[in-house]
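Text of the file upload-v4.cif, holding mmCIF, C-alpha atoms and all ligand atoms:
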```
data_model
#
loop_
_atom_site.label_atom_id
_atom_site.label_comp_id
_atom_site.auth_asym_id
_atom_site.auth_seq_id
_atom_site.Cartn_x
_atom_site.Cartn_y
_atom_site.Cartn_z
CA MET A 1 125.41 99.29 101.03
CA SER A 2 126.08 95.65 100.75
CA ASP A 3 128.26 95.44 103.80
CA ARG A 4 125.92 97.33 106.08
CA THR A 5 123.63 95.49 108.39
CA GLN A 6 119.99 95.61 107.50
CA PRO A 7 117.62 96.61 110.27
CA GLU A 8 115.62 93.78 111.64
CA ARG A 9 112.50 93.33 109.62
CA SER A 10 109.56 94.69 111.45
CA THR A 11 107.34 92.03 112.88
CA ALA A 12 104.46 94.48 112.92
CA ARG A 13 103.84 94.57 109.22
CA PRO A 14 101.71 97.62 108.98
CA THR A 15 100.10 97.00 105.69
CA LYS A 16 99.33 93.32 105.66
CA PRO A 17 95.61 92.80 105.65
CA ALA A 18 94.62 89.65 107.51
CA ASP A 19 92.38 88.75 104.63
CA ALA A 20 90.88 90.43 101.64
CA THR A 21 88.56 92.53 103.80
CA PRO A 22 88.70 94.94 105.45
CA ALA A 23 91.16 96.94 103.44
CA PRO A 24 94.71 97.16 104.69
CA GLU A 25 95.73 99.87 107.05
CA VAL A 26 98.53 101.48 105.26
CA GLY A 27 101.65 103.22 106.26
CA HIS A 28 100.76 103.91 109.85
CA GLY A 29 101.75 100.71 111.57
CA GLU A 30 104.50 101.96 113.85
CA ALA A 31 102.97 105.32 114.72
CA PRO A 32 105.42 107.32 112.64
CA GLN A 33 106.30 110.74 113.87
CA PRO A 34 106.23 112.93 110.78
CA GLU A 35 109.23 115.14 110.65
CA GLU A 36 110.43 118.02 108.59
CA PRO A 37 113.20 117.49 106.09
CA VAL A 38 116.37 119.25 107.18
CA ALA A 39 117.29 121.70 104.51
CA HIS A 40 120.81 123.03 104.75
CA ALA A 41 121.48 121.44 108.09
CA GLY A 42 124.97 121.22 109.54
CA PRO A 43 127.84 118.93 108.80
CA VAL A 44 127.68 115.26 107.97
CA THR A 45 126.81 113.36 111.14
CA ASP A 46 128.82 110.47 112.45
CA GLY A 47 125.71 108.33 112.37
CA SER A 48 126.11 107.43 115.99
CA GLY A 49 122.47 108.08 116.69
CA SER A 50 119.70 110.60 116.43
CA ALA A 51 117.16 111.94 118.82
CA GLY A 52 115.45 109.47 121.12
CA GLY A 53 118.14 106.81 120.80
CA THR A 54 116.92 105.54 117.43
CA PRO A 55 119.83 105.11 115.11
CA PHE A 56 120.26 107.36 112.12
CA ARG A 57 119.35 105.45 108.98
CA ALA A 58 120.64 106.00 105.47
CA GLY A 59 120.69 104.14 102.21
CA PHE A 60 119.52 103.75 98.66
CA VAL A 61 115.94 103.36 97.50
CA ALA A 62 115.32 102.43 93.86
CA VAL A 63 111.96 103.60 92.59
CA VAL A 64 110.76 101.32 89.80
CA GLY A 65 107.58 100.85 87.84
CA ARG A 66 106.23 100.87 84.35
CA PRO A 67 106.44 104.00 82.22
CA ASN A 68 104.21 106.84 83.48
CA ALA A 69 103.61 105.26 86.89
CA GLY A 70 104.54 108.52 88.62
CA LYS A 71 108.09 107.68 89.76
CA SER A 72 109.77 110.97 88.90
CA THR A 73 106.91 113.10 90.21
CA LEU A 74 107.09 111.25 93.51
CA MET A 75 110.84 111.62 93.76
CA ASN A 76 110.54 115.37 93.18
CA ALA A 77 107.81 115.60 95.83
CA LEU A 78 109.94 113.70 98.34
CA VAL A 79 113.03 115.79 97.74
CA GLY A 80 110.95 118.98 97.52
CA GLU A 81 112.73 120.09 94.40
CA LYS A 82 112.57 119.32 90.69
CA ILE A 83 115.35 116.78 90.33
CA ALA A 84 113.87 114.67 87.54
CA ILE A 85 111.88 115.99 84.62
CA THR A 86 108.36 114.63 84.23
CA SER A 87 105.83 114.51 81.44
CA SER A 88 102.58 112.88 80.49
CA ARG A 89 104.46 110.87 77.88
CA PRO A 90 105.70 107.46 78.89
CA GLU A 91 109.44 106.80 78.90
CA THR A 92 110.49 110.27 79.94
CA THR A 93 113.21 109.11 82.34
CA ARG A 94 116.26 107.76 80.59
CA ARG A 95 118.86 107.54 83.33
CA ALA A 96 119.07 106.53 86.94
CA ILE A 97 118.68 109.88 88.70
CA ARG A 98 119.59 110.32 92.32
CA GLY A 99 117.60 112.64 94.53
CA ILE A 100 118.68 113.00 98.14
CA LEU A 101 116.43 113.72 101.10
CA THR A 102 117.81 114.29 104.60
CA THR A 103 115.80 114.49 107.81
CA ALA A 104 116.83 114.44 111.47
CA SER A 105 116.50 110.66 111.56
CA GLY A 106 117.61 109.50 108.15
CA GLN A 107 118.85 110.12 104.66
CA ILE A 108 117.23 108.56 101.59
CA VAL A 109 119.13 108.43 98.34
CA ILE A 110 116.28 107.93 95.91
CA VAL A 111 117.22 106.38 92.60
CA ASP A 112 114.56 107.26 90.03
CA THR A 113 114.79 104.74 87.21
CA PRO A 114 113.52 104.56 83.63
CA GLY A 115 110.13 102.88 83.30
CA LEU A 116 110.46 99.16 82.70
CA HIS A 117 108.83 97.77 79.59
CA ARG A 118 109.49 95.36 76.75
CA PRO A 119 112.25 97.12 74.80
CA ARG A 120 111.64 98.01 71.16
CA THR A 121 115.06 99.52 70.51
CA LEU A 122 118.61 99.16 71.74
CA LEU A 123 117.99 102.29 73.80
CA GLY A 124 115.05 100.54 75.52
CA GLN A 125 117.24 97.52 76.22
CA ARG A 126 119.99 99.70 77.68
CA LEU A 127 117.49 101.52 79.88
CA ASN A 128 116.20 98.21 81.23
CA ASP A 129 119.81 97.18 81.88
CA VAL A 130 120.33 100.43 83.81
CA VAL A 131 117.42 99.54 86.10
CA GLU A 132 118.62 95.99 86.66
CA ALA A 133 122.12 97.23 87.55
CA GLU A 134 120.66 99.71 90.05
CA LEU A 135 118.54 97.07 91.76
CA ASP A 136 121.59 95.04 92.60
CA GLY A 137 122.97 97.38 95.22
CA VAL A 138 120.00 99.15 96.80
CA ASP A 139 118.58 98.72 100.29
CA VAL A 140 114.96 99.21 99.32
CA ILE A 141 113.09 98.64 96.07
CA ALA A 142 109.94 100.75 95.88
CA VAL A 143 107.57 99.59 93.17
CA CYS A 144 105.15 102.26 91.93
CA LEU A 145 101.73 100.92 91.02
CA PRO A 146 99.16 103.53 89.94
CA ALA A 147 95.95 103.55 91.98
CA ASP A 148 93.86 104.30 88.94
CA GLU A 149 94.95 101.37 86.79
CA PRO A 150 94.56 97.66 87.39
CA THR A 151 97.62 95.47 87.70
CA GLY A 152 98.84 94.43 84.28
CA PRO A 153 101.33 91.87 83.02
CA GLY A 154 103.99 94.60 82.90
CA ASP A 155 103.49 95.27 86.62
CA ARG A 156 103.76 91.56 87.44
CA ARG A 157 107.03 91.34 85.54
CA ILE A 158 108.42 94.31 87.45
CA VAL A 159 107.32 92.93 90.81
CA ALA A 160 108.93 89.58 89.97
CA GLN A 161 112.11 91.37 88.96
CA ALA A 162 112.13 93.35 92.23
CA PHE A 163 111.76 90.20 94.29
CA ARG A 164 114.70 88.59 92.52
CA HIS A 165 116.74 90.89 94.78
CA PRO A 166 115.98 89.33 98.16
CA ARG A 167 118.47 91.42 100.16
CA ALA A 168 116.43 94.55 99.56
CA ARG A 169 113.26 95.51 101.38
CA HIS A 170 110.25 95.68 99.09
CA VAL A 171 107.80 98.55 99.32
CA ALA A 172 104.69 99.01 97.20
CA LEU A 173 103.79 102.62 96.51
CA VAL A 174 100.26 102.97 95.21
CA THR A 175 100.58 106.23 93.31
CA LYS A 176 98.15 108.85 91.98
CA THR A 177 95.55 108.24 94.69
CA ASP A 178 93.98 111.62 93.89
CA ARG A 179 92.76 110.03 90.67
CA VAL A 180 90.47 107.49 92.35
CA ALA A 181 87.43 107.98 94.53
CA ARG A 182 88.27 107.26 98.19
CA GLY A 183 85.89 104.33 98.25
CA ARG A 184 87.74 102.59 95.44
CA LEU A 185 91.21 102.78 96.97
CA PRO A 186 90.84 99.89 99.47
CA ALA A 187 90.11 97.38 96.71
CA ARG A 188 93.19 98.50 94.82
CA LEU A 189 95.32 98.16 97.97
CA VAL A 190 94.05 94.64 98.49
CA GLU A 191 94.91 93.85 94.87
CA VAL A 192 98.45 95.21 95.33
CA ASP A 193 98.85 93.33 98.60
CA ALA A 194 98.02 90.06 96.86
CA LEU A 195 100.78 90.64 94.33
CA ALA A 196 103.75 89.95 96.62
CA ASP A 197 105.06 89.71 100.15
CA TRP A 198 105.63 93.44 100.62
CA ASP A 199 107.36 94.87 103.68
CA VAL A 200 104.95 97.76 103.53
CA ILE A 201 102.37 99.29 101.20
CA VAL A 202 101.79 103.05 101.15
CA PRO A 203 99.22 104.89 99.02
CA VAL A 204 100.33 108.34 97.93
CA SER A 205 99.53 111.25 95.69
CA ALA A 206 102.61 113.19 94.70
CA VAL A 207 100.42 115.80 93.04
CA SER A 208 98.13 116.59 95.99
CA GLY A 209 100.91 115.84 98.49
CA ASP A 210 98.72 113.35 100.33
CA GLN A 211 100.83 110.80 102.25
CA VAL A 212 104.14 111.97 100.78
CA ASP A 213 105.39 112.37 104.36
CA ASP A 214 104.27 108.83 105.16
CA VAL A 215 106.23 107.52 102.21
CA ARG A 216 109.30 109.38 103.44
CA ASP A 217 108.95 108.08 106.99
CA GLU A 218 108.30 104.50 105.88
CA LEU A 219 111.25 104.50 103.51
CA ILE A 220 113.58 105.76 106.24
CA ARG A 221 112.29 103.06 108.55
CA GLN A 222 113.25 100.40 105.99
CA LEU A 223 116.86 101.63 105.69
CA PRO A 224 119.83 100.24 107.61
CA ALA A 225 121.46 102.11 110.49
CA SER A 226 124.19 104.09 108.78
CA PRO A 227 126.00 107.42 108.85
CA GLN A 228 124.89 110.04 106.34
CA LEU A 229 126.10 109.33 102.84
CA TYR A 230 125.83 112.87 101.45
CA GLU A 231 125.95 116.29 103.05
CA SER A 232 122.56 117.49 104.23
CA ARG A 233 122.32 120.29 101.70
CA THR A 234 122.90 117.98 98.73
CA THR A 235 119.69 117.20 96.85
CA THR A 236 121.10 115.38 93.82
CA ASP A 237 124.38 114.04 92.51
CA ASP A 238 123.52 115.09 88.96
CA ASP A 239 125.78 117.69 87.38
CA LEU A 240 124.50 121.04 86.10
CA ALA A 241 125.01 120.19 82.39
CA THR A 242 122.88 117.04 82.69
CA ARG A 243 120.13 118.87 84.54
CA CYS A 244 120.07 121.64 81.91
CA ALA A 245 119.91 119.07 79.10
CA GLU A 246 116.99 117.39 80.83
CA LEU A 247 115.13 120.68 81.21
CA VAL A 248 115.50 121.30 77.47
CA ARG A 249 114.16 117.81 76.76
CA GLU A 250 111.26 118.36 79.15
CA ALA A 251 110.26 121.59 77.42
CA MET A 252 110.41 119.78 74.08
CA LEU A 253 108.33 116.85 75.35
CA GLU A 254 105.65 119.30 76.45
CA ASP A 255 105.71 121.09 73.12
CA LEU A 256 106.13 118.41 70.48
CA HIS A 257 103.71 115.68 69.55
CA ASP A 258 103.43 112.13 68.23
CA GLU A 259 106.35 109.72 68.20
CA LEU A 260 108.92 112.47 67.88
CA PRO A 261 109.71 112.76 71.60
CA HIS A 262 111.22 109.29 71.62
CA SER A 263 113.62 110.39 68.90
CA LEU A 264 114.97 113.33 70.88
CA ALA A 265 118.21 113.48 72.78
CA VAL A 266 119.78 116.61 74.26
CA VAL A 267 123.41 117.13 75.16
CA VAL A 268 124.78 120.29 76.77
CA ASP A 269 128.10 120.99 75.09
CA GLU A 270 129.26 123.90 77.21
CA ILE A 271 128.19 126.20 80.01
CA THR A 272 129.88 129.55 80.42
CA PRO A 273 129.36 130.93 83.91
CA PRO A 274 128.09 134.51 84.23
CA GLU A 275 131.37 135.89 85.55
CA GLU A 276 133.04 134.97 82.25
CA CYS A 277 130.69 137.15 80.23
CA ALA A 278 132.18 140.55 79.70
CA GLU A 279 129.04 142.51 78.81
CA ARG A 280 126.34 141.22 81.16
CA PRO A 281 126.31 138.74 84.06
CA ILE A 282 124.48 136.03 82.20
CA ALA A 283 125.29 132.32 82.00
CA ARG A 284 125.48 130.84 78.52
CA VAL A 285 124.30 127.31 77.91
CA TYR A 286 125.16 125.71 74.57
CA ALA A 287 123.12 122.58 73.83
CA SER A 288 122.67 120.21 70.90
CA VAL A 289 119.31 118.62 70.20
CA TYR A 290 119.60 115.33 68.30
CA VAL A 291 116.85 113.86 66.16
CA GLU A 292 116.92 110.65 64.13
CA ARG A 293 115.92 111.86 60.67
CA ASP A 294 116.16 114.97 58.46
CA SER A 295 112.36 115.24 58.35
CA GLN A 296 112.28 115.49 62.15
CA LYS A 297 114.75 118.36 62.10
CA GLY A 298 112.18 120.51 60.28
CA ILE A 299 109.49 119.66 62.83
CA VAL A 300 111.75 120.43 65.76
CA ILE A 301 112.77 123.81 64.34
CA GLY A 302 109.30 124.73 63.05
CA ARG A 303 108.37 127.31 60.46
CA GLY A 304 110.78 130.23 60.67
CA GLY A 305 112.24 128.72 63.84
CA GLN A 306 108.96 129.23 65.70
CA SER A 307 108.93 125.91 67.58
CA LEU A 308 112.56 126.18 68.58
CA ARG A 309 111.93 129.65 70.00
CA ARG A 310 108.83 128.50 71.89
CA TYR A 311 110.32 125.57 73.78
CA GLY A 312 113.70 127.29 73.95
CA THR A 313 112.07 130.09 75.95
CA ALA A 314 110.30 127.61 78.22
CA ALA A 315 113.54 125.70 78.82
CA ARG A 316 115.51 128.88 79.45
CA ARG A 317 113.05 129.94 82.17
CA GLU A 318 113.42 126.58 83.92
CA ILE A 319 117.21 126.74 83.69
CA GLU A 320 117.14 130.27 85.10
CA ARG A 321 115.09 128.96 88.02
CA LEU A 322 117.65 126.21 88.53
CA VAL A 323 120.72 128.42 88.48
CA GLY A 324 119.05 131.42 90.11
CA GLY A 325 120.14 133.94 87.50
CA ARG A 326 119.80 135.01 83.90
CA VAL A 327 120.67 132.56 81.15
CA HIS A 328 121.24 132.67 77.43
CA LEU A 329 120.31 129.31 75.89
CA ASP A 330 121.81 128.41 72.54
CA LEU A 331 120.13 125.38 70.89
CA ARG A 332 121.43 123.63 67.77
CA VAL A 333 119.38 120.89 66.11
CA LYS A 334 121.37 118.02 64.60
CA VAL A 335 120.61 114.66 63.00
CA ALA A 336 122.07 111.49 64.50
CA ARG A 337 120.62 108.89 62.19
CA GLU A 338 118.64 106.13 64.00
CA TRP A 339 120.60 106.82 67.18
CA GLN A 340 118.21 104.75 69.32
CA SER A 341 119.47 101.60 67.62
CA SER A 342 123.11 102.50 67.08
CA PRO A 343 125.54 101.29 69.75
CA LYS A 344 128.10 103.91 68.73
CA LEU A 345 125.69 106.83 68.82
CA LEU A 346 124.13 105.64 72.07
CA ASP A 347 127.61 105.63 73.60
CA ARG A 348 128.28 109.12 72.30
CA LEU A 349 124.97 110.43 73.63
CA GLY A 350 125.72 109.02 77.02
CA PHE A 351 123.42 105.95 77.16
N1 LIG B 1 96.93 113.11 89.18
C1 LIG B 1 98.19 112.73 89.40
N2 LIG B 1 99.04 112.66 88.37
C2 LIG B 1 100.30 112.23 88.62
C3 LIG B 1 100.74 111.87 89.92
N3 LIG B 1 102.04 111.49 89.85
C4 LIG B 1 102.38 111.62 88.54
N4 LIG B 1 101.35 112.07 87.80
C5 LIG B 1 101.33 112.37 86.36
O1 LIG B 1 101.64 111.18 85.65
C6 LIG B 1 102.46 111.47 84.51
C7 LIG B 1 103.72 110.64 84.57
O2 LIG B 1 104.46 111.03 85.71
P1 LIG B 1 106.03 110.77 85.82
O3 LIG B 1 106.42 111.11 87.20
O4 LIG B 1 106.76 111.42 84.68
O5 LIG B 1 106.05 109.19 85.61
P2 LIG B 1 107.30 108.22 85.50
O6 LIG B 1 106.89 106.95 86.15
O7 LIG B 1 108.53 108.87 86.04
O8 LIG B 1 107.39 108.03 83.94
P3 LIG B 1 108.60 107.46 83.01
O9 LIG B 1 109.68 108.48 83.00
O10 LIG B 1 107.90 107.32 81.70
O11 LIG B 1 109.03 106.14 83.54
C8 LIG B 1 102.71 112.97 84.56
O12 LIG B 1 101.79 113.60 83.69
C9 LIG B 1 102.44 113.35 85.99
O13 LIG B 1 101.99 114.67 86.16
C10 LIG B 1 99.81 111.97 91.00
O14 LIG B 1 100.08 111.70 92.17
N5 LIG B 1 98.54 112.39 90.68
#
```

Take the structure in the file and give it back as structure tokens.
Ligand SMILES: Nc1nc2c(ncn2[C@@H]2O[C@H](COP(=O)(O)OP(=O)(O)OP(=O)(O)O)[C@@H](O)[C@H]2O)c(=O)[nH]1
Amino acid sequence: MSDRTQPERSTARPTKPADATPAPEVGHGEAPQPEEPVAHAGPVTDGSGSAGGTPFRAGFVAVVGRPNAGKSTLMNALVGEKIAITSSRPETTRRAIRGILTTASGQIVIVDTPGLHRPRTLLGQRLNDVVEAELDGVDVIAVCLPADEPTGPGDRRIVAQAFRHPRARHVALVTKTDRVARGRLPARLVEVDALADWDVIVPVSAVSGDQVDDVRDELIRQLPASPQLYESRTTTDDDLATRCAELVREAMLEDLHDELPHSLAVVVDEITPPEECAERPIARVYASVYVERDSQKGIVIGRGGQSLRRYGTAARREIERLVGGRVHLDLRVKVAREWQSSPKLLDRLGF
């Protein structure tokens, strides 16, 4: 990324309001031609150019924001596939997850990052470090700011952090627009505009799908001219074991309450492909669920193993959807004492 030439910054800055009123026109400045993502298209292009003489663009877009801002949901909507797990609980994302979207004119490698916040544990600190490391090399930093919440000190910190990387383009994505009445959106856009010198601001609802295509087109427009970085059919660089572990954690987040979710970590120890099963063509996934204390182990298992069965079934269904076949999911619950604050255990759990 760093050695590629950035496209010239657009002089027509589509989203800059001349003053506080009227509200900014967003995301339509250069008359984008919406286009369909190319699923399973042919071989990697040489990047020499796409239709109409416009160069093919490709690069990395880091999606940042505070916990629960809608980053992962938006990435999934852009890629059109569940790449990152999501939940109503803050701090669901714990790694930088790459989702890849390829169209006829560009390829976006979206890096979904953990929500940025003041860390309370060593895990929190490491997650913030992950985000900072990702920001260093990307072409575009997209800051998610929910439409239905006013700008807070956390948002200002994140925006300041994003602008400490001046080589990147800076895009504001005003998320969850379906949650505000249409009439209230302009004021929020003006508020976001006043926060920083954005290259573009795009309002979007990943849940209703409104303006997801505009986000895609704007992000591509911000990327440098470049050959494709991944094959067209690739939608993530995550491995199967990691994705399965995340689906187990997602099912648990949905099922379990209180502070417990923060104490959970899931590691897939082994996956046996269906062809290796003598009796039935069924993949076997062996996973360990780690909690921090003995008392949590009881909660996670539930009376007579009820809870384990409930979210285990939900997770298995999601894994079956992912692999496109039948799956046997074997979950073991283990205690890794205070792992969120232990450097050694964090290393072992992959943080
Ligand atoms: N109504 C509505 N809800 C949304 C939208 N986008 C996300 N959400 C909800 O907001 C919650 C958080 O979404 P995530 O995508 O997990 O948020 P995140 O920013 O990745 O969260 P962290 O992993 O905590 O950093 C979930 O309950 C989503 O369903 C949206 O466009 N509209």

Quote the spacing between atom CA of Thr73 of chain A and atom CA of Arg310 of chain A in Å to one decimal place.
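Rounded to one decimal, the two atoms are 24.0 Å apart.
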
Report as a tab-separated table the residues of chain A within 7 Å of ligand LIG 1 (chain B), each with its shortest atom pair and distance in Å (one decimal), using all atoms listed in the file, ordered by chain and increasing residue number.
```
residue	atom	partner	partner_atom	distance
A:Gly65	CA	B:LIG1	O6	6.4
A:Arg66	CA	B:LIG1	O11	6.0
A:Pro67	CA	B:LIG1	O11	3.6
A:Asn68	CA	B:LIG1	O8	3.4
A:Ala69	CA	B:LIG1	O6	3.8
A:Gly70	CA	B:LIG1	O5	3.4
A:Lys71	CA	B:LIG1	O6	3.9
A:Ser72	CA	B:LIG1	O7	3.8
A:Thr73	CA	B:LIG1	O3	3.6
A:Leu74	CA	B:LIG1	N3	6.2
A:Ile85	CA	B:LIG1	O4	6.9
A:Thr86	CA	B:LIG1	O4	3.6
A:Ser87	CA	B:LIG1	O4	4.6
A:Ser88	CA	B:LIG1	O12	3.4
A:Arg89	CA	B:LIG1	O10	6.2
A:Pro90	CA	B:LIG1	O10	3.6
A:Glu91	CA	B:LIG1	O10	3.2
A:Thr92	CA	B:LIG1	O9	3.6
A:Thr93	CA	B:LIG1	O9	3.6
A:Thr113	CA	B:LIG1	O11	7.0
A:Pro114	CA	B:LIG1	O11	4.8
A:Gly115	CA	B:LIG1	O11	3.4
A:Thr175	CA	B:LIG1	O14	5.6
A:Lys176	CA	B:LIG1	O14	3.4
A:Thr177	CA	B:LIG1	O14	6.2
A:Asp178	CA	B:LIG1	N5	5.6
A:Arg179	CA	B:LIG1	N1	5.4
A:Val204	CA	B:LIG1	O14	6.7
A:Ser205	CA	B:LIG1	O14	3.6
A:Ala206	CA	B:LIG1	O14	3.9
A:Val207	CA	B:LIG1	O14	4.2
A:Ser208	CA	B:LIG1	O14	6.5
```

Please dump the current selection as a short mmCIF file (atom, residue, chain, number, x, y, z; two decimals), in the frame of the given file; keep C-alpha atoms.
```cif
data_model
loop_
_atom_site.label_atom_id
_atom_site.label_comp_id
_atom_site.auth_asym_id
_atom_site.auth_seq_id
_atom_site.Cartn_x
_atom_site.Cartn_y
_atom_site.Cartn_z
CA GLY A 65 107.58 100.85 87.84
CA ARG A 66 106.23 100.87 84.35
CA PRO A 67 106.44 104.00 82.22
CA ASN A 68 104.21 106.84 83.48
CA ALA A 69 103.61 105.26 86.89
CA GLY A 70 104.54 108.52 88.62
CA LYS A 71 108.09 107.68 89.76
CA SER A 72 109.77 110.97 88.90
CA THR A 73 106.91 113.10 90.21
CA LEU A 74 107.09 111.25 93.51
CA ILE A 85 111.88 115.99 84.62
CA THR A 86 108.36 114.63 84.23
CA SER A 87 105.83 114.51 81.44
CA SER A 88 102.58 112.88 80.49
CA ARG A 89 104.46 110.87 77.88
CA PRO A 90 105.70 107.46 78.89
CA GLU A 91 109.44 106.80 78.90
CA THR A 92 110.49 110.27 79.94
CA THR A 93 113.21 109.11 82.34
CA THR A 113 114.79 104.74 87.21
CA PRO A 114 113.52 104.56 83.63
CA GLY A 115 110.13 102.88 83.30
CA THR A 175 100.58 106.23 93.31
CA LYS A 176 98.15 108.85 91.98
CA THR A 177 95.55 108.24 94.69
CA ASP A 178 93.98 111.62 93.89
CA ARG A 179 92.76 110.03 90.67
CA VAL A 204 100.33 108.34 97.93
CA SER A 205 99.53 111.25 95.69
CA ALA A 206 102.61 113.19 94.70
CA VAL A 207 100.42 115.80 93.04
CA SER A 208 98.13 116.59 95.99
#
```

Top pick for closest residue to Ser232 of chain A, considering A:Glu218, A:Ile100, A:Ile282, A:Lys82 and counting only C-alpha atoms
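The answer is A:Ile100, which sits nearest to Ser232 of chain A.
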
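Residue nearest Asp217 of chain A, chosen from A:Ala133, A:Asp239, A:Val200, A:Gln340 and counting only C-alpha atoms: A:Val200.
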
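With only C-alpha atoms as the atoms that count, the minimum distance from Thr313 of chain A to the choices A:Ile299, A:Leu247, A:Arg188, A:Val268 is reached by A:Leu247.
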
Rounded to one decimal in Å, what is the spacing between atom CA of Pro224 of chain A and atom CA of Gly59 of chain A?
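Going from atom CA of Pro224 of chain A over to atom CA of Gly59 of chain A, I get 6.7 Å.
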